[in-house]
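Asker: Data file target22.txt (compact mmCIF, C-alpha atoms and all ligand atoms) is appended below.
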```txt
# COMPACT_ATOMS: atom_id res chain seq x y z
CA MET A 1 -10.86 1.67 16.00
CA LYS A 2 -8.10 3.54 14.21
CA LEU A 3 -6.75 1.77 11.13
CA CYS A 4 -3.63 2.87 9.33
CA ARG A 5 -1.55 1.78 6.38
CA PHE A 6 2.15 2.06 7.00
CA ASP A 7 5.67 1.34 5.73
CA GLU A 8 5.51 -0.83 2.60
CA ASP A 9 1.73 -1.35 2.40
CA ARG A 10 1.19 -2.83 5.86
CA LEU A 11 -2.08 -2.62 7.82
CA GLY A 12 -2.09 -1.47 11.42
CA VAL A 13 -4.39 -0.73 14.33
CA VAL A 14 -3.44 2.44 16.19
CA LYS A 15 -3.79 2.55 19.97
CA GLY A 16 -2.42 5.63 21.68
CA ASP A 17 1.01 6.25 20.19
CA MET A 18 1.53 2.65 19.10
CA VAL A 19 0.70 0.75 15.93
CA HIS A 20 -0.14 -2.96 16.01
CA ASP A 21 0.53 -4.87 12.82
CA VAL A 22 -2.46 -6.74 11.36
CA THR A 23 -1.13 -7.17 7.83
CA ALA A 24 -2.05 -10.87 7.90
CA ALA A 25 -5.73 -9.84 7.78
CA GLN A 26 -5.11 -7.56 4.84
CA ASP A 27 -3.30 -10.35 2.97
CA GLU A 28 -6.17 -12.77 3.47
CA ILE A 29 -8.85 -10.22 2.51
CA ARG A 30 -7.03 -9.23 -0.66
CA LYS A 31 -6.37 -12.84 -1.64
CA SER A 32 -10.09 -13.61 -1.67
CA ALA A 33 -11.13 -10.38 -3.42
CA ARG A 34 -11.91 -10.33 -7.12
CA TYR A 35 -9.46 -8.28 -9.16
CA ASP A 36 -12.31 -6.55 -10.97
CA MET A 37 -14.16 -5.59 -7.80
CA LYS A 38 -15.10 -1.94 -7.54
CA GLY A 39 -13.76 -0.42 -4.37
CA ASP A 40 -11.14 -1.15 -1.77
CA ALA A 41 -11.18 -4.78 -0.62
CA VAL A 42 -10.09 -4.07 2.97
CA ILE A 43 -12.65 -1.31 3.56
CA ALA A 44 -15.37 -3.48 1.99
CA ALA A 45 -14.45 -6.39 4.28
CA LEU A 46 -14.30 -4.39 7.51
CA PRO A 47 -17.79 -5.21 8.85
CA ALA A 48 -17.08 -8.96 8.52
CA TRP A 49 -13.48 -8.73 9.70
CA ARG A 50 -13.53 -6.12 12.43
CA ALA A 51 -13.69 -8.49 15.42
CA ARG A 52 -10.85 -10.61 14.06
CA ILE A 53 -8.74 -7.56 13.33
CA GLU A 54 -9.24 -6.37 16.90
CA GLU A 55 -8.20 -9.80 18.23
CA MET A 56 -5.11 -9.80 16.05
CA ALA A 57 -4.20 -6.28 17.18
CA ALA A 58 -4.52 -7.28 20.85
CA LYS A 59 -1.93 -10.02 20.30
CA ALA A 60 0.47 -8.04 18.11
CA PRO A 61 3.28 -6.18 19.84
CA GLY A 62 3.05 -2.45 19.21
CA LYS A 63 5.68 -0.24 17.73
CA PRO A 64 5.85 3.55 18.11
CA ILE A 65 3.84 5.28 15.43
CA SER A 66 6.62 7.84 15.17
CA SER A 67 8.87 5.08 13.77
CA VAL A 68 6.66 4.13 10.82
CA LYS A 69 5.92 5.72 7.46
CA LEU A 70 2.21 6.53 7.27
CA LEU A 71 0.44 6.01 3.92
CA SER A 72 -3.10 6.92 2.87
CA PRO A 73 -5.47 4.81 5.01
CA VAL A 74 -7.27 3.67 1.85
CA ALA A 75 -5.19 1.88 -0.77
CA ARG A 76 -7.63 1.81 -3.69
CA PRO A 77 -10.53 4.27 -3.68
CA THR A 78 -12.39 4.18 -7.01
CA LYS A 79 -12.70 7.96 -6.78
CA ALA A 80 -11.90 10.98 -4.63
CA MET A 81 -14.78 13.47 -4.61
CA ALA A 82 -14.59 17.00 -3.24
CA ALA A 83 -17.02 19.79 -2.39
CA PRO A 84 -15.85 23.04 -4.00
CA THR A 85 -17.50 25.56 -1.67
CA ASN A 86 -19.12 24.33 1.44
CA TYR A 87 -18.54 27.02 4.09
CA LYS A 88 -20.12 30.49 3.75
CA LYS A 89 -17.07 32.33 5.10
CA HIS A 90 -14.77 30.58 2.61
CA ILE A 91 -17.01 31.66 -0.29
CA GLU A 92 -16.86 35.24 1.05
CA GLU A 93 -13.08 35.24 1.41
CA MET A 94 -12.58 33.90 -2.12
CA ARG A 95 -14.86 36.58 -3.56
CA SER A 96 -13.06 39.43 -1.84
CA ARG A 97 -9.44 38.36 -2.39
CA THR A 98 -7.21 40.65 -4.43
CA ASP A 99 -4.07 38.48 -4.40
CA LEU A 100 -5.28 35.72 -6.73
CA PRO A 101 -4.00 35.40 -10.31
CA LYS A 102 -6.20 37.58 -12.58
CA ASP A 103 -7.71 34.63 -14.42
CA ALA A 104 -8.09 32.42 -11.34
CA THR A 105 -11.26 30.41 -10.88
CA ARG A 106 -12.96 31.68 -7.75
CA ALA A 107 -15.22 29.80 -5.44
CA PRO A 108 -18.56 29.21 -7.12
CA PRO A 109 -21.33 30.67 -4.97
CA ASN A 110 -23.54 27.62 -4.85
CA ILE A 111 -22.60 23.97 -4.41
CA GLU A 112 -25.95 22.86 -5.82
CA LYS A 113 -25.06 24.53 -9.13
CA ALA A 114 -21.32 23.86 -9.05
CA GLY A 115 -21.65 20.19 -8.17
CA ILE A 116 -18.93 18.00 -6.78
CA PHE A 117 -15.54 17.72 -8.48
CA LEU A 118 -13.07 14.83 -8.67
CA LYS A 119 -9.44 14.71 -7.66
CA ALA A 120 -7.25 12.16 -9.44
CA ASN A 121 -6.57 9.07 -7.32
CA SER A 122 -2.91 9.41 -8.28
CA SER A 123 -2.74 12.64 -6.24
CA ILE A 124 -3.48 10.79 -2.98
CA VAL A 125 -0.66 10.45 -0.45
CA GLY A 126 -0.29 9.69 3.25
CA VAL A 127 1.21 12.13 5.73
CA SER A 128 4.74 10.71 5.60
CA GLU A 129 5.02 11.25 1.87
CA GLY A 130 4.79 15.03 2.20
CA ILE A 131 3.55 17.53 -0.37
CA PRO A 132 5.81 18.11 -3.39
CA LEU A 133 5.43 21.57 -4.96
CA ARG A 134 5.63 21.11 -8.71
CA PHE A 135 4.96 24.77 -9.55
CA PRO A 136 6.66 26.77 -6.80
CA ASP A 137 6.26 30.02 -8.74
CA ARG A 138 2.47 29.75 -8.67
CA LEU A 139 0.13 30.36 -5.75
CA ASN A 140 -0.24 27.05 -3.86
CA GLU A 141 -2.55 26.86 -0.84
CA HIS A 142 -3.68 24.53 1.91
CA GLU A 143 -7.31 23.54 2.46
CA ILE A 144 -8.05 21.39 5.50
CA GLU A 145 -11.18 19.26 5.21
CA LEU A 146 -12.96 16.47 7.02
CA VAL A 147 -12.84 13.38 4.78
CA ILE A 148 -15.60 10.77 4.71
CA ILE A 149 -14.58 7.21 3.79
CA ILE A 150 -17.44 5.29 2.21
CA GLY A 151 -18.03 1.78 3.61
CA LYS A 152 -20.50 0.16 1.23
CA GLN A 153 -21.83 0.42 -2.27
CA GLY A 154 -24.78 2.72 -2.81
CA THR A 155 -26.55 4.88 -5.33
CA ASP A 156 -29.32 7.44 -4.73
CA ILE A 157 -28.70 7.19 -1.00
CA PRO A 158 -31.33 9.10 0.99
CA LYS A 159 -29.87 11.63 3.40
CA ALA A 160 -31.52 9.96 6.40
CA LYS A 161 -29.56 6.74 5.72
CA PHE A 162 -26.14 8.32 5.18
CA LYS A 163 -24.52 6.78 8.27
CA ASP A 164 -25.13 3.26 6.94
CA TYR A 165 -22.70 4.05 4.12
CA ILE A 166 -19.77 5.48 6.11
CA ALA A 167 -16.83 3.27 7.11
CA GLY A 168 -14.97 6.06 8.86
CA TYR A 169 -13.34 9.45 8.73
CA ALA A 170 -9.90 10.92 8.16
CA MET A 171 -8.32 14.32 7.75
CA GLY A 172 -7.72 15.66 4.31
CA LEU A 173 -5.63 18.38 2.75
CA ASP A 174 -7.17 19.45 -0.55
CA MET A 175 -3.99 21.12 -1.76
CA THR A 176 -4.64 23.67 -4.45
CA CYS A 177 -2.69 25.44 -7.15
CA ARG A 178 -4.67 28.63 -7.88
CA GLY A 179 -5.27 29.50 -11.51
CA SER A 180 -7.62 29.33 -14.46
CA GLU A 181 -7.57 25.59 -15.10
CA ASP A 182 -10.34 23.21 -14.20
CA ARG A 183 -10.32 22.20 -10.52
CA SER A 184 -9.78 18.55 -11.37
CA PHE A 185 -6.51 19.56 -13.11
CA ARG A 186 -4.95 21.99 -10.64
CA LYS A 187 -6.03 20.08 -7.52
CA SER A 188 -4.80 16.72 -8.82
CA ILE A 189 -1.08 17.39 -8.89
CA ASP A 190 0.88 14.45 -7.40
CA GLY A 191 0.70 14.70 -3.61
CA TYR A 192 -2.12 17.27 -3.60
CA SER A 193 -4.61 15.00 -1.82
CA VAL A 194 -3.23 14.17 1.61
CA ILE A 195 -5.37 11.71 3.59
CA GLY A 196 -4.47 10.66 7.10
CA PRO A 197 -3.03 10.07 9.48
CA TRP A 198 -5.34 7.03 9.76
CA MET A 199 -9.01 6.17 9.42
CA VAL A 200 -11.19 6.43 12.52
CA THR A 201 -14.12 4.04 12.22
CA ALA A 202 -17.55 5.64 12.13
CA ASP A 203 -18.63 4.32 15.55
CA GLU A 204 -16.11 6.68 17.21
CA VAL A 205 -17.64 9.79 15.64
CA ALA A 206 -21.20 10.18 16.92
CA ASN A 207 -21.88 13.39 15.00
CA PRO A 208 -19.58 14.27 12.08
CA ASP A 209 -21.55 17.49 11.62
CA ASP A 210 -20.27 19.05 14.82
CA ILE A 211 -16.53 18.62 15.14
CA VAL A 212 -13.74 21.16 15.27
CA ILE A 213 -11.04 21.31 12.60
CA THR A 214 -7.86 23.36 12.84
CA LEU A 215 -4.82 23.98 10.66
CA HIS A 216 -1.53 25.57 11.67
CA CYS A 217 1.30 26.35 9.28
CA ASN A 218 4.67 26.79 11.00
CA ASP A 219 2.88 27.41 14.32
CA ASP A 220 0.66 30.06 12.73
CA LEU A 221 -3.06 29.39 13.19
CA ARG A 222 -4.53 29.62 9.68
CA GLN A 223 -7.85 27.75 9.68
CA THR A 224 -10.30 26.82 12.38
CA ALA A 225 -13.96 25.90 12.05
CA ASP A 226 -16.70 23.58 13.17
CA THR A 227 -18.28 21.19 10.68
CA LYS A 228 -21.68 22.37 11.92
CA ASP A 229 -21.12 25.30 9.55
CA LEU A 230 -20.99 23.05 6.48
CA ILE A 231 -23.54 24.25 3.88
CA TYR A 232 -24.09 20.65 2.71
CA ASP A 233 -23.60 18.46 5.76
CA CYS A 234 -22.23 14.91 5.54
CA GLY A 235 -25.65 13.38 4.87
CA ARG A 236 -26.52 15.82 2.12
CA LEU A 237 -23.08 15.40 0.52
CA ILE A 238 -23.56 11.62 0.35
CA GLU A 239 -27.07 12.07 -1.02
CA PHE A 240 -25.85 14.59 -3.61
CA ALA A 241 -22.76 12.62 -4.68
CA SER A 242 -24.70 9.35 -4.93
CA SER A 243 -27.37 10.98 -7.09
CA PHE A 244 -24.68 11.22 -9.81
CA TYR A 245 -22.22 8.45 -8.93
CA THR A 246 -22.49 5.01 -7.42
CA LEU A 247 -20.34 5.13 -4.29
CA TYR A 248 -18.06 2.19 -3.53
CA PRO A 249 -16.24 1.04 -0.38
CA GLY A 250 -13.11 3.13 0.08
CA ASP A 251 -14.33 6.08 -1.98
CA VAL A 252 -13.47 9.34 -0.25
CA ILE A 253 -15.35 12.62 -0.03
CA PHE A 254 -13.47 15.81 0.86
CA THR A 255 -16.24 17.81 2.54
CA GLY A 256 -14.94 21.32 1.75
CA THR A 257 -12.65 23.82 3.43
CA PRO A 258 -13.48 26.69 5.78
CA GLU A 259 -12.00 30.20 5.58
CA GLY A 260 -8.32 30.85 6.14
CA VAL A 261 -6.86 29.16 3.06
CA SER A 262 -3.42 30.64 2.48
CA PRO A 263 -0.14 30.17 0.62
CA ILE A 264 2.45 27.52 1.36
CA GLU A 265 6.02 27.10 0.24
CA ALA A 266 8.73 24.47 0.35
CA GLY A 267 9.97 23.97 3.90
CA ASP A 268 6.63 24.69 5.54
CA GLU A 269 5.16 22.30 8.08
CA ILE A 270 1.38 21.93 8.12
CA VAL A 271 -0.14 20.69 11.37
CA ALA A 272 -3.76 19.66 10.97
CA THR A 273 -6.04 18.60 13.80
CA ILE A 274 -9.57 17.25 13.68
CA GLU A 275 -11.45 16.42 16.84
CA LYS A 276 -12.04 12.63 17.24
CA ILE A 277 -9.40 11.86 14.61
CA GLY A 278 -6.07 13.26 15.83
CA THR A 279 -3.26 15.42 14.55
CA MET A 280 -1.03 15.08 11.52
CA ARG A 281 2.14 16.90 10.53
CA VAL A 282 2.90 17.20 6.85
CA ARG A 283 5.99 18.68 5.21
CA VAL A 284 5.88 20.78 2.07
CA ARG A 285 8.91 20.35 -0.18
CA ALA A 286 10.14 21.16 -3.66
CA ALA A 287 8.99 18.51 -6.15
CA GLU A 288 12.52 17.60 -7.18
CA ALA A 289 13.72 17.10 -3.60
CA ALA A 290 13.62 13.66 -2.01
CA PRO A 291 11.06 13.17 0.78
CA VAL A 292 12.30 14.52 4.10
CA ALA A 293 13.26 11.62 6.35
CA GLU A 294 11.43 12.89 9.41
CA ALA A 295 8.35 14.03 7.46
CA GLY A 296 4.94 13.12 8.65
CA VAL A 297 5.62 11.83 12.10
CA ALA A 298 2.10 11.76 13.40
CA VAL A 299 1.44 12.88 16.92
CA SER A 300 -1.82 11.54 18.23
CA ARG A 301 -3.55 14.02 20.43
CA MET A 302 -6.83 12.38 21.17
CA SER A 303 -9.81 14.29 22.38
MN MN B 401 -11.33 22.07 -1.09
```
I'd like the structure from this file rewritten - as structure tokens, please.
Ligand code: MN
Answerer:
Amino acid sequence: MKLCRFDEDRLGVVKGDMVHDVTAAQDEIRKSARYDMKGDAVIAALPAWRARIEEMAAKAPGKPISSVKLLSPVARPTKAMAAPTNYKKHIEEMRSRTDLPKDATRAPPNIEKAGIFLKANSSIVGVSEGIPLRFPDRLNEHEIELVIIIGKQGTDIPKAKFKDYIAGYAMGLDMTCRGSEDRSFRKSIDGYSVIGPWMVTADEVANPDDIVITLHCNDDLRQTADTKDLIYDCGRLIEFASSFYTLYPGDVIFTGTPEGVSPIEAGDEIVATIEKIGTMRVRVRAAEAAPVAEAGVAVSRMS
């Protein structure tokens, strides 16, 4: 099942190029959730609600996904975690680059030593919101990443059990302003964590550690890789993250970007594709400009 959030905080089930409104389920789930719960109420309720949501979607008339505004598929993650260096070729490219600012932080060589970093929840946007460039004079780059959406609370999760803790997957853009500041600062600019276009539930992705991810910018192929080349695979990332943090439903993990990261500027269109998930188009714009009306029209290209 593909679940999206759209327009003004509505919940939808995506089938083909249509979205079926199931906001009534979201309303009921949220009404019975405690305000002080940790995690996202809808993601936490999915196992209990899935059959009913599917029934509701079957009865709801669809509307074209191109006519809705797509938001982040998770409304309230307690945290967004990210792997700093998780593909060998990306570590190599960052070491050899000569175009970075002199004082720029480079990719640490070892994820075990570097650990996982956090991106501010306030930086999360959906595809239709676009990416506002706050510092156009600095080097800003795209990083496409598979995103894991956690489905249930867990701490010290053993690698072998990782699938029990995954609600689904989405595509992520870990947008990055290069420079000397801490990662959590320069990767948490408003709009610098794009998640979308929807969440694909875990049952539709048999093996998250062998799927192809691709990023084009203005029709230029910039990044392509297979998640089988992840240094820490999805299971190890969950084990590692949960050895420091308790994970909660709706928490997201950006799994790291492969080689090919490169500069973006206002006016660019990023087209990201991940096998089993789909394709999303995201506009880059100047921070002061209003969102582009046609931004983020998602084209589903299912594999
Ligand atoms: Mn990244």
Asker: As a quick test: using all atoms listed in the file, which residues lie no more than 8 Å away from ligand MN 401 (chain B)? Give them as an MDAnalysis selection string.
Answerer: chainID A and resid 82:85 143:145 173:176 254:257
Asker: Within 10 Å of (-24.7, 15.8, 2.9) (file coordinates; only C-alpha atoms), which protein or nucleic acid residues are there? I'd like them as a PyMOL selection string.
Answerer: chain A and resi 158-160+162+209+230-241+255
Asker: With C-alpha atoms retained, export the selected residues as a PDB file, keeping the file's coordinate frame.
Answerer:
```
ATOM      1  CA  PRO A 158     -31.330   9.100   0.990  1.00  0.00           C
ATOM      2  CA  LYS A 159     -29.870  11.630   3.400  1.00  0.00           C
ATOM      3  CA  ALA A 160     -31.520   9.960   6.400  1.00  0.00           C
ATOM      4  CA  PHE A 162     -26.140   8.320   5.180  1.00  0.00           C
ATOM      5  CA  ASP A 209     -21.550  17.490  11.620  1.00  0.00           C
ATOM      6  CA  LEU A 230     -20.990  23.050   6.480  1.00  0.00           C
ATOM      7  CA  ILE A 231     -23.540  24.250   3.880  1.00  0.00           C
ATOM      8  CA  TYR A 232     -24.090  20.650   2.710  1.00  0.00           C
ATOM      9  CA  ASP A 233     -23.600  18.460   5.760  1.00  0.00           C
ATOM     10  CA  CYS A 234     -22.230  14.910   5.540  1.00  0.00           C
ATOM     11  CA  GLY A 235     -25.650  13.380   4.870  1.00  0.00           C
ATOM     12  CA  ARG A 236     -26.520  15.820   2.120  1.00  0.00           C
ATOM     13  CA  LEU A 237     -23.080  15.400   0.520  1.00  0.00           C
ATOM     14  CA  ILE A 238     -23.560  11.620   0.350  1.00  0.00           C
ATOM     15  CA  GLU A 239     -27.070  12.070  -1.020  1.00  0.00           C
ATOM     16  CA  PHE A 240     -25.850  14.590  -3.610  1.00  0.00           C
ATOM     17  CA  ALA A 241     -22.760  12.620  -4.680  1.00  0.00           C
ATOM     18  CA  THR A 255     -16.240  17.810   2.540  1.00  0.00           C
TER      19      THR A 255
END
```
Asker: Applying 7 Å and only C-alpha atoms, which residues near segment 124-137 of chain A remain after dropping the ones on its own chain fewer than 3 positions away? List them as a ChimeraX atom specification.
Answerer: /A:69-72,121,191-197,266,280-287,291,295-297
Asker: Give me, please, the distance in Å between atom CA of Gly154 of chain A and atom CA of Thr227 of chain A, quoted to one decimal.
Answerer: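 Taking atom CA of Gly154 of chain A as the start and atom CA of Thr227 of chain A as the end point, the length is 23.8 Å.
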Asker: Between atom CA of Ala167 of chain A and atom CA of Met81 of chain A, what distance in Å does the model show, to one decimal?
Answerer: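 Those two atoms sit 15.7 Å apart.
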Asker: Determine, counting all atoms listed in the file, which protein, DNA and RNA residues have an atom within 12 Å of an atom of Ala51 of chain A; residues of the same chain fewer than 6 positions away are not included. Present the result as a ChimeraX atom specification.
Answerer: /A:1,25,45,57-58
